[in-house]
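Student: Compact mmCIF, C-alpha atoms, saved as coords_34.txt, coming up:
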# COMPACT_ATOMS: atom_id res chain seq x y z
CA MET A 7 18.71 -6.36 -42.44
CA ALA A 8 14.97 -6.34 -41.74
CA LYS A 9 15.36 -9.20 -39.25
CA THR A 10 18.10 -7.29 -37.43
CA LEU A 11 15.91 -4.17 -37.19
CA LYS A 12 13.00 -6.30 -36.02
CA ASP A 13 15.16 -7.95 -33.33
CA LEU A 14 16.52 -4.56 -32.31
CA LEU A 15 13.00 -3.13 -32.05
CA LEU A 16 11.84 -6.12 -29.98
CA ALA A 17 14.84 -5.77 -27.66
CA PHE A 18 14.07 -2.07 -27.25
CA LEU A 19 10.42 -2.87 -26.52
CA ASN A 20 11.40 -5.54 -23.98
CA ALA A 21 13.80 -3.19 -22.22
CA THR A 22 11.13 -0.49 -22.11
CA LEU A 23 8.56 -2.88 -20.67
CA ILE A 24 11.02 -4.14 -18.07
CA LEU A 25 11.82 -0.56 -17.02
CA LEU A 26 8.14 0.31 -16.91
CA ALA A 27 7.43 -2.74 -14.72
CA LEU A 28 10.32 -1.80 -12.45
CA CYS A 29 9.06 1.78 -12.13
CA LEU A 30 5.55 0.59 -11.35
CA PHE A 31 6.85 -1.81 -8.71
CA LEU A 32 9.00 0.88 -7.08
CA GLY A 33 6.09 3.34 -7.15
CA TRP A 34 3.85 0.75 -5.52
CA LYS A 35 6.44 0.13 -2.78
CA LEU A 36 6.81 3.89 -2.27
CA LEU A 37 3.06 4.28 -1.82
CA GLN A 38 3.04 1.40 0.67
CA SER A 39 5.83 3.07 2.64
CA ALA A 40 4.01 6.41 2.63
CA ASP A 41 0.84 4.72 3.86
CA GLN A 42 2.77 3.00 6.67
CA ILE A 43 4.34 6.33 7.65
CA ARG A 44 0.94 8.03 7.68
CA THR A 45 -0.52 5.24 9.83
CA GLY A 46 2.44 5.44 12.21
CA PHE A 47 2.03 9.20 12.57
CA ALA A 48 -1.67 8.84 13.27
CA GLU A 49 -0.93 6.33 16.03
CA ASN A 50 1.82 8.53 17.48
CA LEU A 51 -0.43 11.57 17.51
CA GLN A 52 -3.03 9.59 19.44
CA ALA A 53 -0.31 8.89 22.01
CA VAL A 54 0.65 12.58 22.19
CA ALA A 55 -2.86 13.85 23.00
CA PRO A 56 -2.87 12.44 26.58
CA LEU A 57 0.57 13.99 27.15
CA ARG A 58 -0.86 17.39 26.33
CA GLU A 59 -3.66 16.89 28.87
CA GLN A 60 -1.19 15.64 31.47
CA ALA A 61 1.01 18.69 30.89
CA GLN A 62 -2.05 20.90 31.48
CA GLY A 63 -2.69 19.12 34.79
CA ILE A 64 0.92 19.56 35.89
CA ARG A 65 0.76 23.23 34.97
CA VAL A 66 -2.32 23.70 37.16
CA GLU A 67 -0.56 21.94 40.06
CA LEU A 68 2.52 24.15 39.62
CA THR A 69 0.35 27.26 39.70
CA GLU A 70 -1.32 26.08 42.91
CA LEU A 71 2.07 25.28 44.44
CA ARG A 72 3.40 28.72 43.52
CA SER A 73 0.41 30.43 45.12
CA ASP A 74 0.77 28.27 48.26
CA LEU A 75 4.47 29.13 48.56
CA ALA A 76 3.77 32.83 48.01
CA SER A 77 1.03 32.89 50.65
CA PHE A 78 3.24 30.92 53.06
CA GLY A 79 6.02 33.46 52.62
CA GLN A 80 3.64 36.32 53.40
CA ARG A 81 2.04 34.67 56.45
CA ALA A 82 5.07 33.19 58.17
CA GLN A 83 7.73 35.02 60.11
CA LEU A 84 10.87 34.06 58.19
CA ASP A 85 14.43 35.17 58.59
CA GLU A 86 16.31 36.67 55.63
CA THR A 87 17.92 33.41 54.44
CA MET A 88 14.59 31.60 54.44
CA ARG A 89 13.03 34.45 52.47
CA GLN A 90 15.85 34.28 49.92
CA GLN A 91 15.50 30.51 49.60
CA LEU A 92 11.74 30.86 49.21
CA SER A 93 12.24 33.56 46.60
CA ALA A 94 14.74 31.38 44.71
CA ALA A 95 12.32 28.44 44.85
CA LEU A 96 9.53 30.64 43.47
CA GLN A 97 11.79 31.81 40.65
CA ARG A 98 12.71 28.21 39.76
CA LEU A 99 9.03 27.32 39.88
CA ASN A 100 8.20 30.20 37.53
CA SER A 101 10.95 29.08 35.16
CA LEU A 102 9.71 25.50 35.26
CA GLU A 103 6.16 26.64 34.59
CA GLY A 104 7.36 28.64 31.57
CA LYS A 105 9.17 25.61 30.17
CA LEU A 106 6.11 23.46 30.74
CA GLU A 107 3.91 26.01 29.00
CA ASN A 108 6.30 26.07 26.03
CA THR A 109 6.27 22.27 25.85
CA GLN A 110 2.51 22.22 26.11
CA SER A 111 2.12 24.68 23.24
CA ARG A 112 4.51 22.62 21.08
CA LEU A 113 2.50 19.48 21.82
CA ALA A 114 -0.72 21.31 20.98
CA ASN A 115 0.74 22.48 17.66
CA LEU A 116 1.87 18.94 16.91
CA VAL A 117 -1.58 17.49 17.56
CA GLU A 118 -3.41 20.27 15.72
CA ARG A 119 -1.07 20.37 12.69
CA PRO A 120 0.28 16.87 12.01
CA GLU A 121 0.92 17.78 8.38
CA ASP A 122 4.00 19.76 9.46
CA LEU A 123 5.46 16.65 11.06
CA ILE A 124 4.55 14.53 8.03
CA ASN A 125 6.10 17.07 5.64
CA TYR A 126 9.27 17.12 7.73
CA ALA A 127 9.47 13.33 7.70
CA ILE A 128 8.93 13.14 3.94
CA THR A 129 11.48 15.87 3.25
CA THR A 130 14.06 14.24 5.51
CA SER A 131 13.45 10.82 3.95
CA ALA A 132 13.73 12.24 0.42
CA ASP A 133 17.01 13.94 1.32
CA ASN A 134 18.40 10.72 2.79
CA ILE A 135 17.38 8.71 -0.27
CA THR A 136 18.91 11.30 -2.59
CA ASN A 137 22.18 11.22 -0.67
CA ARG A 138 22.27 7.40 -0.75
CA ILE A 139 21.66 7.37 -4.51
CA LEU A 140 24.45 9.90 -5.00
CA ILE A 141 26.79 7.79 -2.89
CA ILE A 142 25.91 4.68 -4.90
CA LYS A 143 26.53 6.55 -8.16
CA GLY A 144 29.86 7.81 -6.80
CA CYS A 145 28.82 11.46 -6.85
CA GLU A 146 29.37 13.90 -4.03
CA PRO A 147 26.18 15.29 -2.44
CA ALA A 148 25.66 19.01 -2.88
CA THR A 149 26.33 21.03 0.26
Rewrite the structure of this file - the entire thing - as structure tokens.
Tutor:
Amino acid sequence: MAKTLKDLLLAFLNATLILLALCLFLGWKLLQSADQIRTGFAENLQAVAPLREQAQGIRVELTELRSDLASFGQRAQLDETMRQQLSAALQRLNSLEGKLENTQSRLANLVERPEDLINYAITTSADNITNRILIIKGCEPAT
């Protein structure tokens, strides 16, 4: 009886150590993945910074183009259809400038606050992993 309890205790200890080793290994791999994600985001943010500057340059050019078109419309003798086309072009230009300004502000927020992007990536990854585990277990994910 004592030998059986001893063997049972050793088996329990072995199983516990194996599970502990497995958890440590998986934790180590998770930390490696998180470090790779962080490094990837840092590299991507370095690539986004020039885009923000380029968007600023395009915005300046659009502003200059709008002022040139407006001054041209005031100086030149245009018939009514040309004035309407010029007015429509100015409106499209204003709309395009607004979209560019919106994009530029989003890029600026992304560069200035990368933790939002990192949090989104981690949350999305955790949700995907949870759903995969539930599928493997045969459970339905909560909706």
Student: Excluding region 132-146 of chain A and its own-chain neighbours fewer than 4 positions away, which residues fall within 12 Å of it when counting only C-alpha atoms? Please give them as JSON, numbers by chain.
Tutor: {"A": [36, 40, 125, 126, 127, 128]}
Student: What is the CA of Leu96 (chain A) to CA of Val54 (chain A) distance in Å?
Tutor: 29.3 Å
Student: Which residue gives the smallest distance to Gln110 (chain A) among A:Arg58, A:Arg98, A:Arg89, A:Arg44, with all atoms listed in the file counted?
Tutor: A:Arg58
Student: Which value, in Å to one decimal, gives the distance between CA of Asp13 (chain A) and CA of Leu30 (chain A)?
Tutor: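 Interatomic distance, CA of Asp13 (chain A) to CA of Leu30 (chain A): 25.5 Å.
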Student: To one decimal in Å, tell me the separation between CA of Ala95 (chain A) and CA of Leu75 (chain A).
Tutor: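 Interatomic distance, CA of Ala95 (chain A) to CA of Leu75 (chain A): 8.7 Å.
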Student: For Gln62 (chain A), which residue out of A:Asn20, A:Asn50, A:Asn108, A:Ala27 is the nearest one, using all atoms listed in the file?
Tutor: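 Nearest candidate to Gln62 (chain A) out of A:Asn20, A:Asn50, A:Asn108, A:Ala27: A:Asn108.
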Student: As a PyMOL selection string, please: the residues near Gln60 (chain A) (cut-off 12 Å, only C-alpha atoms, same-chain neighbours under 4 positions excluded).
Tutor: chain A and resi 53-56+64-67+106-107+109-110+113-114
Student: Residues as selected, C-alpha atoms, written as a short mmCIF file (atom, residue, chain, number, x, y, z; two decimals), in the frame of the given file, can you do that?
Tutor:
data_model
loop_
_atom_site.label_atom_id
_atom_site.label_comp_id
_atom_site.auth_asym_id
_atom_site.auth_seq_id
_atom_site.Cartn_x
_atom_site.Cartn_y
_atom_site.Cartn_z
CA ALA A 53 -0.31 8.89 22.01
CA VAL A 54 0.65 12.58 22.19
CA ALA A 55 -2.86 13.85 23.00
CA PRO A 56 -2.87 12.44 26.58
CA ILE A 64 0.92 19.56 35.89
CA ARG A 65 0.76 23.23 34.97
CA VAL A 66 -2.32 23.70 37.16
CA GLU A 67 -0.56 21.94 40.06
CA LEU A 106 6.11 23.46 30.74
CA GLU A 107 3.91 26.01 29.00
CA THR A 109 6.27 22.27 25.85
CA GLN A 110 2.51 22.22 26.11
CA LEU A 113 2.50 19.48 21.82
CA ALA A 114 -0.72 21.31 20.98
#
Student: Choose the residue, out of A:Ser131, A:Ser77, A:Ile43, A:Leu51, that has the smallest atom-to-atom separation from Asn115 (chain A); count only C-alpha atoms.
Tutor: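 Among the listed residues, the smallest separation from Asn115 (chain A) belongs to A:Leu51.
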Student: Of the candidates A:Ile124, A:Arg72, A:Glu118, A:Gln80, which shows the shortest atom-to-atom distance to Ala94 (chain A), using all atoms listed in the file?
Tutor: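 Ranked by minimum distance to Ala94 (chain A), first place goes to A:Arg72.
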Student: Please rebuild region 36-47 of chain A with all heavy atoms and return the result as a compact mmCIF listing (two decimals), in the coordinates of the input.
Tutor:
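Once everything was written out, this is rebuild-v5.txt:
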# COMPACT_ATOMS: atom_id res chain seq x y z
N LEU A 36 6.74 2.55 -2.85
CA LEU A 36 6.81 3.89 -2.27
C LEU A 36 5.46 4.28 -1.66
O LEU A 36 5.40 4.82 -0.56
CB LEU A 36 7.23 4.91 -3.33
CG LEU A 36 7.31 6.36 -2.87
CD1 LEU A 36 8.42 6.52 -1.85
CD2 LEU A 36 7.55 7.26 -4.06
N LEU A 37 4.38 3.98 -2.36
CA LEU A 37 3.06 4.28 -1.82
C LEU A 37 2.77 3.47 -0.57
O LEU A 37 2.15 3.97 0.37
CB LEU A 37 1.99 4.04 -2.88
CG LEU A 37 1.94 5.06 -4.02
CD1 LEU A 37 0.90 4.66 -5.05
CD2 LEU A 37 1.64 6.44 -3.48
N GLN A 38 3.21 2.22 -0.54
CA GLN A 38 3.04 1.40 0.67
C GLN A 38 3.80 2.02 1.84
O GLN A 38 3.28 2.09 2.96
CB GLN A 38 3.56 -0.01 0.43
CG GLN A 38 2.57 -0.95 -0.16
CD GLN A 38 3.14 -2.37 -0.22
OE1 GLN A 38 4.36 -2.57 -0.28
NE2 GLN A 38 2.26 -3.35 -0.21
N SER A 39 5.02 2.46 1.58
CA SER A 39 5.83 3.07 2.64
C SER A 39 5.17 4.36 3.14
O SER A 39 5.13 4.62 4.35
CB SER A 39 7.24 3.37 2.14
OG SER A 39 7.90 2.18 1.80
N ALA A 40 4.67 5.17 2.22
CA ALA A 40 4.01 6.41 2.63
C ALA A 40 2.77 6.12 3.46
O ALA A 40 2.49 6.82 4.44
CB ALA A 40 3.65 7.23 1.39
N ASP A 41 2.03 5.08 3.09
CA ASP A 41 0.84 4.72 3.86
C ASP A 41 1.23 4.24 5.26
O ASP A 41 0.57 4.58 6.24
CB ASP A 41 0.05 3.64 3.12
CG ASP A 41 -1.30 3.38 3.76
OD1 ASP A 41 -1.97 4.36 4.15
OD2 ASP A 41 -1.68 2.20 3.88
N GLN A 42 2.31 3.47 5.36
CA GLN A 42 2.77 3.00 6.67
C GLN A 42 3.23 4.18 7.53
O GLN A 42 2.97 4.22 8.74
CB GLN A 42 3.90 1.99 6.51
CG GLN A 42 3.45 0.67 5.96
CD GLN A 42 4.61 -0.27 5.66
OE1 GLN A 42 5.77 0.13 5.71
NE2 GLN A 42 4.30 -1.51 5.34
N ILE A 43 3.89 5.15 6.90
CA ILE A 43 4.34 6.33 7.65
C ILE A 43 3.14 7.11 8.15
O ILE A 43 3.09 7.55 9.30
CB ILE A 43 5.25 7.22 6.76
CG1 ILE A 43 6.60 6.54 6.54
CG2 ILE A 43 5.45 8.60 7.38
CD1 ILE A 43 7.47 7.22 5.52
N ARG A 44 2.13 7.29 7.30
CA ARG A 44 0.94 8.03 7.68
C ARG A 44 0.22 7.33 8.84
O ARG A 44 -0.19 7.96 9.81
CB ARG A 44 0.00 8.16 6.49
CG ARG A 44 -1.22 9.01 6.76
CD ARG A 44 -2.14 9.09 5.56
NE ARG A 44 -2.53 7.79 5.05
CZ ARG A 44 -3.52 7.04 5.53
NH1 ARG A 44 -4.18 7.45 6.58
NH2 ARG A 44 -3.82 5.89 4.99
N THR A 45 0.12 6.00 8.76
CA THR A 45 -0.52 5.24 9.83
C THR A 45 0.27 5.37 11.13
O THR A 45 -0.30 5.55 12.21
CB THR A 45 -0.65 3.76 9.42
OG1 THR A 45 -1.36 3.68 8.20
CG2 THR A 45 -1.35 2.95 10.48
N GLY A 46 1.59 5.30 11.03
CA GLY A 46 2.44 5.44 12.21
C GLY A 46 2.29 6.81 12.85
O GLY A 46 2.23 6.93 14.08
N PHE A 47 2.22 7.86 12.03
CA PHE A 47 2.03 9.20 12.57
C PHE A 47 0.68 9.34 13.25
O PHE A 47 0.57 9.97 14.31
CB PHE A 47 2.17 10.27 11.49
CG PHE A 47 3.59 10.65 11.20
CD1 PHE A 47 4.08 10.57 9.92
CD2 PHE A 47 4.42 11.07 12.21
CE1 PHE A 47 5.39 10.91 9.65
CE2 PHE A 47 5.73 11.41 11.95
CZ PHE A 47 6.21 11.34 10.66
